[in-house]
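Enquirer: Take this structure first; my questions come after.
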Amino acid sequence: MVTLAIAAILLSLAVPSFQTMIANNRITSQLNELVTAVNYGRSEAAKSNTTVILCGSANPTVAAPVCGGTAIGWLLFTSGDGNNSFDVATDTLIRVGTFIHPSIQVSANPALADGLVINANGSTNEDGNIAIAAICDDRDNDGTFDVAFGKELRVAPSGHIQAVSSPIAICTFP
């Protein structure tokens with residue numbers, strides 16, 4: 001009985017740590033997936049000598065996905081018509097991703113919200129602004145996303161990628 005009591009106490013102490021570790025890994029995994037998408041987009045832009053767009057999508061897994069809406073995922077595509085919207089007739093879809101867990105929110109600043117334009121030389125067309133994606137979760141279930149546990153992906157105009165660990169400044173961009 002004493003052994004079972006000690007095991008129960010140790011287990012009750014370990015479970016919250018595992019839950020925290022799992023939540024942290026979800027955010028890190030999503031950040032890594034976005035970093036990979038940007039790097040892959042830069043590679044494809046250089047390889048095909050064309051413009052590649054990374055945009056958020058409310059319906060990334062349908063037959064004809066579109067950019068915009070409340071993003072549950074993202075699209076990476078070459079832009080045959082020069083705009084930031086995916087068009088099946090003129091653009092080539094390279095890669096699609098979905099956000100891995102409903103408790104995670106990915107919010108983008110204005111430089112990234114309309115789609116990250118990646119040029120053939122690896123730079124971005126964001127008018128000299130840094131494109132930022134904030135990745136957060138509602139760790140304490142209070143209805144707000146927590147900057148204390150969030151991470152940021154920053155893409156400089158040169159195309160340089162920086163990952164910023166928690167705490168971050170903001171989880172939800174206006």
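FYI, nothing fancy with the structure tokens labels: chains A, B, ... in order, residues from 1 per chain, ligands from 1 as they appear.
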Which polymer residues have any atom within 6 Å of an atom of region 86-100 of chain A, counting only C-alpha atoms, with same-chain residues fewer than 4 positions away left out, as JSON, numbers by chain?
Expert: {"A": [66, 72, 73, 74, 75, 76, 77, 78, 79, 80]}
Enquirer: Next, the residues of the selection above should be written as a PDB file, in the first residue's frame with C-alpha atoms.
Expert:
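Once written, selection-v1.pdb looks like this:
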```
ATOM      1  CA  VAL A  66      -7.474  29.893 -51.297  1.00  0.00           C
ATOM      2  CA  ILE A  72      -6.117  26.781 -40.088  1.00  0.00           C
ATOM      3  CA  GLY A  73      -3.112  26.130 -42.293  1.00  0.00           C
ATOM      4  CA  TRP A  74      -0.920  27.550 -45.028  1.00  0.00           C
ATOM      5  CA  LEU A  75      -0.138  27.284 -48.728  1.00  0.00           C
ATOM      6  CA  LEU A  76       3.215  27.575 -50.481  1.00  0.00           C
ATOM      7  CA  PHE A  77       2.954  28.183 -54.215  1.00  0.00           C
ATOM      8  CA  THR A  78       4.690  29.697 -57.212  1.00  0.00           C
ATOM      9  CA  SER A  79       2.882  32.751 -58.464  1.00  0.00           C
ATOM     10  CA  GLY A  80       2.315  32.590 -62.204  1.00  0.00           C
TER      11      GLY A  80
END
```
Enquirer: Counting only C-alpha atoms, what is within 8 Å of region 31-33 of chain A, bar same-chain residues fewer than 4 positions away, as a PDB file with N, CA and C atoms, in the first residue's frame?
Expert:
```pdb
ATOM      1  N   ILE A  27       4.053  23.844 -29.854  1.00  0.00           N
ATOM      2  CA  ILE A  27       4.405  25.177 -30.349  1.00  0.00           C
ATOM      3  C   ILE A  27       5.717  25.116 -31.128  1.00  0.00           C
ATOM      4  N   ALA A  37       8.894  25.657 -44.172  1.00  0.00           N
ATOM      5  CA  ALA A  37       8.132  26.153 -45.318  1.00  0.00           C
ATOM      6  C   ALA A  37       8.810  27.368 -45.947  1.00  0.00           C
ATOM      7  N   ILE A 135       3.203  32.354 -32.607  1.00  0.00           N
ATOM      8  CA  ILE A 135       2.591  31.052 -32.373  1.00  0.00           C
ATOM      9  C   ILE A 135       2.385  30.911 -30.871  1.00  0.00           C
ATOM     10  N   LYS A 151       6.053  31.639 -29.266  1.00  0.00           N
ATOM     11  CA  LYS A 151       7.278  31.742 -30.064  1.00  0.00           C
ATOM     12  C   LYS A 151       6.963  32.559 -31.304  1.00  0.00           C
ATOM     13  N   GLU A 152       7.995  33.173 -31.866  1.00  0.00           N
ATOM     14  CA  GLU A 152       7.831  33.976 -33.074  1.00  0.00           C
ATOM     15  C   GLU A 152       8.756  33.487 -34.172  1.00  0.00           C
ATOM     16  N   LEU A 153       8.243  33.580 -35.384  1.00  0.00           N
ATOM     17  CA  LEU A 153       9.044  33.404 -36.579  1.00  0.00           C
ATOM     18  C   LEU A 153       9.170  34.785 -37.200  1.00  0.00           C
ATOM     19  N   ALA A 163      14.101  32.656 -35.196  1.00  0.00           N
ATOM     20  CA  ALA A 163      13.100  32.096 -34.289  1.00  0.00           C
ATOM     21  C   ALA A 163      13.309  32.733 -32.923  1.00  0.00           C
TER      22      ALA A 163
END
```
Enquirer: To one decimal in Å, tell me the separation between CA of Gly150 (chain A) and CA of Ile104 (chain A).
Expert: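 According to the coordinates, CA of Gly150 (chain A) and CA of Ile104 (chain A) are separated by 9.6 Å.
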Enquirer: I need the residue nearest Leu34 (chain A) from this list: A:Ser166, A:Ala58, A:Ala108, A:Asp138. Use only C-alpha atoms for the distance.
Expert: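 Among A:Ser166, A:Ala58, A:Ala108, A:Asp138, it is A:Ala108 that comes nearest to Leu34 (chain A).
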Enquirer: Can you list, as number ranges by chain, every residue of region 28-145 of chain A that DSSP puts in strand (DSSP E)?
Expert: A: 52-57, 73-78, 92-98, 104-108, 116-118, 131-137
Enquirer: Can you work out which one of A:Val2, A:Ile118, A:Ala134, A:Val35 has the shortest atom-to-atom distance to Val106 (chain A), counting only C-alpha atoms?
Expert: A:Ala134
Enquirer: Could you check which of A:Ala45, A:Asp81, A:Val117, A:Phe149 is closest to Asn24 (chain A), using only C-alpha atoms?
Expert: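 Smallest distance to Asn24 (chain A) is found for A:Phe149.
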Enquirer: Based on the backbone DSSP call, show me all residues of chain A assigned helix (DSSP H, G or I), as a PyMOL selection string.
Expert: chain A and resi 2-48+110-113+147-149
Enquirer: Compile the contact shell of Asn109 (chain A) as a ChimeraX atom specification: residues with an atom at most 12 Å away, counting only C-alpha atoms, same-chain residues fewer than 4 positions apart removed.
Expert: /A:56,113-116,126,129-135,152-155,170-174
Enquirer: Quick one: of A:Phe18, A:Asn119, A:Ala71, A:Tyr40, who's nearest to Pro102 (chain A), counting only C-alpha atoms?
Expert: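 The closest residue to Pro102 (chain A) is A:Ala71.
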Enquirer: For Leu54 (chain A), which of A:Leu112, A:Ala169, A:Val147, A:Ala156 is the closest residue, counting only C-alpha atoms?
Expert: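 The shortest atom-to-atom distance to Leu54 (chain A) comes from A:Leu112.
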